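This report concerns only the one structure given below.
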Amino acid sequence: NYGSENANGYIWHSTGSGKTLTSFKTAQLAKNIKGIEKVMFVVDRKDLDNQTVSEYNKFEEKCVELNSSTKELEKRLKDDNQKMVVTTIQKLSRFIENNKAHFLFDKPCVIIFDECHRSQFGKMHTQIKKHFKKHLLFGFTGTPIMQANKTDQKAWHYNKISSETTTDVIFSECLHTYTIANAIKDKNVLPFKVDYIQVNPQCAKLEQSCDSEEEQKQKEKAMLEHPQRIAEIVSYVLNHFDKKTHRHGNNQGFNSIFATSSIQMAQLYYNEFKRQNAELDETKQIKFAVIFSGTPNEDGDENIETCEHLPQSSLAFLESAIQDYNKIFNSNYSTSANGFGQYYVNVSEQMKKTHWICSLWWICF
């Protein structure tokens with residue numbers, strides 16, 4: 001079945017299922033199968049690369065090493081003693097570009113993709129399947145994108161997802177499931193609580209007031225970016241932060257992630273958070289940071305956390321935001337290549353500190 005659809009499968013495992021341990025054991029068993037030349041565990045972000053290597057070495061000391069560059073990856077793929085390799089999809093793609101006739105392309109290889117719902121819909125994935133002719137592909141995901149769930153045509157078009165690029169099409173067979181419902185039932189993760197808050201009642205009348213789809217998009221954009229709306233949302237978040245994150249008047253509690261639709265919106269919200277937070281009593285102020293990169297998550301540079309391709313205005317804003325962060329945590333990060341990568345990882349680490357248990361607070365406005 002090498003290289004065919006029957007060689008692929010995906011594992012649908014929610015947060016709290018022991019996905020990293022499962023994927024490690026899968027890779028560990030696969031590397032001992034007779035005839036398998038190499039097992040590659042592929043992630044799609046540099047911080048996950050660091051995290052995965054760290055987790056793997058907790059399970060088995062010195063079983064894998066971090067590949068800081070494509071050259072290091074190439075060296076380990078050539079090493080017969082390195083049966084298992086952890087890499088980002090960007091590094092693996094760059095390796096293929098630099099080695100059009102590598103001996104591994106004709107050898108049986110197991111390739112395991114972490115978070116396969118978000119990294120496998122671009123040309124990098126196609127490139128991997130094409131060149132590793134005797135591949136066996138396994139994808140791990142907590143949130144697969146399925147054909148059966150294709151109900152919102154506009155959303156699919158907006159996210160550039162076609163009917164040929166869903167998890168069940170690319171990875172074929174679902175090998176095992178442990179869904180969010182299972183995890184909640186087993187009390188491995190917190191249950192969902194979604195609040196719908198109506199901000200600016202005129203939003204509800206927007207659709208009826210538009211004569212065309214283009215006019216609706218323009219009015220919607222203007223409404224979403226309106227300073228009054230942004231100010232109301234930020235005010236709500238700050239006023240309800242302690243309650244929603246279960247802090248109960250102290251610094252113990254959960255963290256939250258505030259996701260925006262674009263870098264521009266991230267800047268608008270960050271500035272408003274900064275303005276309103278400064279007006280609060282010091283005991284009620286919260287710590288916050290902003291993160292975005294100038295390299296797209298698809299088909300980008302091998303190190304995903306770079307800001308070298310950002311417009312000058314966005315780069316200047318990010319530098320200023322990082323300086324704010326340095327003052328809070330007494331650090332010295334910057335937008336330089338190494339400085340930004342370290343900042344990216346540190347934000348993730350701060351979110352995971354024992355008194356800052358990482359959680360996700362979704363509020364739909």
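Going by the structure tokens order, chains are called A, B, ..., each with residues numbered from 1, while ligands are numbered from 1 in the order shown.
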Can you list, as a CSV table (one decimal) with all heavy atoms, in the first residue's frame, every protein, DNA or RNA residue that comes within 10 Å of A:Lys244 when you count only C-alpha atoms, leaving out same-chain residues fewer than 5 positions away?
```
chain,number,residue,atom,x,y,z
A,193,LYS,N,-18.2,26.9,27.6
A,193,LYS,CA,-19.3,27.9,28.0
A,193,LYS,C,-19.1,29.0,27.1
A,193,LYS,O,-18.1,29.8,27.1
A,193,LYS,CB,-19.1,28.3,29.5
A,193,LYS,CG,-20.2,29.3,29.9
A,193,LYS,CD,-20.0,29.7,31.4
A,193,LYS,CE,-21.2,30.5,31.8
A,193,LYS,NZ,-21.3,31.8,31.1
A,237,VAL,N,-14.2,42.7,28.2
A,237,VAL,CA,-13.2,41.7,28.6
A,237,VAL,C,-12.5,42.1,29.9
A,237,VAL,O,-12.3,41.3,30.8
A,237,VAL,CB,-12.2,41.6,27.5
A,237,VAL,CG1,-11.0,40.7,27.9
A,237,VAL,CG2,-12.8,41.0,26.2
A,239,ASN,N,-13.5,44.1,32.3
A,239,ASN,CA,-14.5,44.1,33.4
A,239,ASN,C,-14.8,42.7,33.9
A,239,ASN,O,-15.2,42.6,35.1
A,239,ASN,CB,-15.7,44.9,33.1
A,239,ASN,CG,-15.5,46.4,33.0
A,239,ASN,OD1,-14.6,46.9,33.6
A,239,ASN,ND2,-16.2,47.1,32.2
A,253,GLY,N,-5.3,31.5,38.5
A,253,GLY,CA,-6.5,31.3,37.6
A,253,GLY,C,-6.1,30.9,36.2
A,253,GLY,O,-5.0,30.4,36.0
A,254,PHE,N,-7.0,31.1,35.3
A,254,PHE,CA,-6.8,30.7,33.9
A,254,PHE,C,-6.3,31.9,33.1
A,254,PHE,O,-6.5,33.0,33.5
A,254,PHE,CB,-8.1,30.2,33.3
A,254,PHE,CG,-8.6,28.9,33.9
A,254,PHE,CD1,-9.6,29.0,34.9
A,254,PHE,CD2,-8.1,27.7,33.6
A,254,PHE,CE1,-10.1,27.8,35.5
A,254,PHE,CE2,-8.6,26.5,34.2
A,254,PHE,CZ,-9.5,26.6,35.1
A,255,ASN,N,-5.7,31.6,32.0
A,255,ASN,CA,-5.4,32.6,31.0
A,255,ASN,C,-6.5,32.6,29.9
A,255,ASN,O,-7.3,31.7,29.8
A,255,ASN,CB,-4.0,32.4,30.4
A,255,ASN,CG,-2.9,32.8,31.3
A,255,ASN,OD1,-3.1,33.7,32.1
A,255,ASN,ND2,-1.8,32.1,31.3
A,256,SER,N,-6.4,33.6,29.0
A,256,SER,CA,-7.3,33.6,27.8
A,256,SER,C,-6.6,34.0,26.6
A,256,SER,O,-5.5,34.6,26.6
A,256,SER,CB,-8.5,34.5,28.1
A,256,SER,OG,-8.0,35.8,28.2
A,361,TRP,N,-10.8,31.4,26.3
A,361,TRP,CA,-12.0,32.1,26.7
A,361,TRP,C,-12.6,32.6,25.4
A,361,TRP,O,-12.2,33.6,24.8
A,361,TRP,CB,-11.8,33.2,27.7
A,361,TRP,CG,-12.9,34.0,28.0
A,361,TRP,CD1,-14.2,33.7,27.9
A,361,TRP,CD2,-12.9,35.4,28.6
A,361,TRP,NE1,-15.0,34.8,28.4
A,361,TRP,CE2,-14.2,35.8,28.8
A,361,TRP,CE3,-11.8,36.2,28.9
A,361,TRP,CZ2,-14.5,37.1,29.3
A,361,TRP,CZ3,-12.1,37.5,29.4
A,361,TRP,CH2,-13.5,37.9,29.6
```
Counting only C-alpha atoms, the option among A:Thr126, A:Ser313, A:Asn6, A:Thr143 closest to A:Gln267: A:Ser313
Atom CA of A:Leu238 to atom CA of A:Ala278, straight-line distance in Å: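 Interatomic distance, atom CA of A:Ala278 to atom CA of A:Leu238: 11.3 Å.
For the pair atom CA of A:His176 and atom CA of A:Thr88, the interatomic distance is 24.2 Å.
Using only C-alpha atoms, the nearest neighbour of A:Ser23 within the list A:Gly3, A:Asp114, A:Asn188, A:Gln90 is A:Asp114.
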What lies within 10 Å of A:Gln276 using only C-alpha atoms, ignoring chain neighbours under 4 positions off, as a list in words?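 Result of the neighbour search: Ala231, Val234, Ser235, Leu238, Asn271, Glu272, Leu280 and Gln285 of chain A.
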Taking N, CA and C atoms for each residue, export the selection above as a CSV table (one decimal), in the first residue's frame.
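To be explicit, this is the file written out as again09.csv:
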```
chain,number,residue,atom,x,y,z
A,231,ALA,N,-13.8,49.4,21.5
A,231,ALA,CA,-13.7,49.9,22.9
A,231,ALA,C,-14.7,49.2,23.8
A,234,VAL,N,-13.4,45.6,24.4
A,234,VAL,CA,-12.2,45.6,25.4
A,234,VAL,C,-12.7,45.9,26.8
A,235,SER,N,-13.6,46.8,26.9
A,235,SER,CA,-14.2,47.1,28.2
A,235,SER,C,-14.8,45.9,28.9
A,238,LEU,N,-12.1,43.4,30.0
A,238,LEU,CA,-11.4,43.8,31.2
A,238,LEU,C,-12.3,43.7,32.5
A,271,ASN,N,-3.9,48.2,21.1
A,271,ASN,CA,-3.8,49.6,21.5
A,271,ASN,C,-4.9,50.0,22.4
A,272,GLU,N,-6.1,49.5,22.2
A,272,GLU,CA,-7.3,49.8,23.0
A,272,GLU,C,-7.1,49.1,24.4
A,280,LEU,N,-7.0,51.6,34.6
A,280,LEU,CA,-7.5,50.8,35.7
A,280,LEU,C,-6.6,51.0,36.9
A,285,GLN,N,-5.3,45.7,36.9
A,285,GLN,CA,-4.7,45.6,35.6
A,285,GLN,C,-4.3,44.2,35.2
```
May I ask which of the residues A:Gln218, A:Asn330, A:Thr20, A:Ser69 is the closest one to A:Leu92, counting only C-alpha atoms? A:Ser69
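Nearest-residue note for A:Thr141: choosing from A:Arg247, A:Arg76, A:Thr179, A:Gly35, the minimum distance belongs to A:Thr179, counting only C-alpha atoms.
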So that I can see what lies close to A:Leu315, please list as a ChimeraX atom specification the residues with an atom at most 12 Å from it, counting only C-alpha atoms and leaving out residues fewer than 4 positions away in the same chain. /A:263-264,267,291-294,306-311,319-322,334-336,340
Just-selected residues, N, CA, C and O atoms written as a short mmCIF file (atom, residue, chain, number, x, y, z; two decimals), in the first residue's frame:
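Result went into part-v5.cif, see below:
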```cif
data_model
loop_
_atom_site.label_atom_id
_atom_site.label_comp_id
_atom_site.auth_asym_id
_atom_site.auth_seq_id
_atom_site.Cartn_x
_atom_site.Cartn_y
_atom_site.Cartn_z
N ILE A 263 -3.84 41.10 11.20
CA ILE A 263 -2.81 41.84 11.93
C ILE A 263 -3.31 43.24 12.25
O ILE A 263 -3.09 43.76 13.34
N GLN A 264 -4.02 43.84 11.30
CA GLN A 264 -4.56 45.18 11.53
C GLN A 264 -5.49 45.20 12.73
O GLN A 264 -5.41 46.10 13.59
N GLN A 267 -3.64 44.94 16.02
CA GLN A 267 -3.06 46.22 16.42
C GLN A 267 -4.12 47.13 17.06
O GLN A 267 -3.87 47.75 18.09
N ILE A 291 0.96 38.62 19.47
CA ILE A 291 1.88 37.82 18.65
C ILE A 291 1.31 37.68 17.25
O ILE A 291 0.13 37.41 17.07
N PHE A 292 2.12 37.94 16.26
CA PHE A 292 1.81 37.64 14.86
C PHE A 292 3.11 37.60 14.10
O PHE A 292 4.13 38.12 14.56
N SER A 293 3.12 36.96 12.95
CA SER A 293 4.36 36.83 12.18
C SER A 293 4.13 37.28 10.75
O SER A 293 3.00 37.38 10.29
N GLY A 294 5.23 37.53 10.06
CA GLY A 294 5.15 38.01 8.69
C GLY A 294 5.25 36.92 7.66
O GLY A 294 5.21 37.17 6.47
N THR A 306 8.87 34.32 11.94
CA THR A 306 9.71 35.42 11.51
C THR A 306 8.82 36.62 11.26
O THR A 306 7.63 36.49 11.04
N CYS A 307 9.42 37.79 11.33
CA CYS A 307 8.64 39.00 11.03
C CYS A 307 9.33 39.82 9.95
O CYS A 307 9.06 40.99 9.77
N GLU A 308 10.25 39.17 9.22
CA GLU A 308 11.05 39.89 8.23
C GLU A 308 10.23 40.38 7.05
O GLU A 308 10.63 41.32 6.37
N HIS A 309 9.08 39.75 6.78
CA HIS A 309 8.29 40.15 5.63
C HIS A 309 7.13 41.09 6.00
O HIS A 309 6.28 41.39 5.17
N LEU A 310 7.09 41.53 7.24
CA LEU A 310 6.03 42.44 7.66
C LEU A 310 6.22 43.82 7.04
O LEU A 310 7.35 44.27 6.85
N PRO A 311 5.11 44.52 6.73
CA PRO A 311 5.23 45.92 6.32
C PRO A 311 5.90 46.72 7.43
O PRO A 311 5.81 46.37 8.61
N GLU A 319 7.55 45.83 17.31
CA GLU A 319 8.73 46.16 18.10
C GLU A 319 8.33 46.91 19.36
O GLU A 319 8.83 46.63 20.47
N SER A 320 7.39 47.84 19.22
CA SER A 320 6.90 48.60 20.37
C SER A 320 6.18 47.68 21.37
O SER A 320 6.37 47.81 22.58
N ALA A 321 5.37 46.74 20.84
CA ALA A 321 4.64 45.81 21.71
C ALA A 321 5.60 44.89 22.45
O ALA A 321 5.38 44.56 23.63
N ILE A 322 6.66 44.47 21.78
CA ILE A 322 7.65 43.61 22.43
C ILE A 322 8.38 44.37 23.53
O ILE A 322 8.70 43.81 24.59
N SER A 334 13.32 41.18 20.88
CA SER A 334 13.22 42.18 19.81
C SER A 334 12.65 41.52 18.57
O SER A 334 12.29 40.34 18.58
N THR A 335 12.57 42.28 17.47
CA THR A 335 12.07 41.74 16.21
C THR A 335 13.18 41.16 15.34
O THR A 335 12.94 40.80 14.19
N SER A 336 14.39 41.07 15.89
CA SER A 336 15.46 40.42 15.14
C SER A 336 15.12 38.95 14.96
O SER A 336 14.24 38.42 15.65
N PHE A 340 12.94 37.51 17.95
CA PHE A 340 11.51 37.28 17.77
C PHE A 340 11.14 35.82 18.02
O PHE A 340 10.12 35.53 18.63
#
```
So, with only C-alpha atoms as the atoms that count, which of A:Thr70, A:Gly16, A:Tyr2, A:Val39 lies closest to A:Ala183?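 Ranked by minimum distance to A:Ala183, first place goes to A:Gly16.
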If I take atom CA of A:Gln252 and atom CA of A:Glu232, how far is one from the other in Å, to one decimal?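 Going from atom CA of A:Gln252 over to atom CA of A:Glu232 covers 26.0 Å.
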Under the rule that only C-alpha atoms are counted, which of A:Gly339, A:Gly9, A:Thr245, A:Lys133 is the nearest residue to A:Gln323? A:Gly339
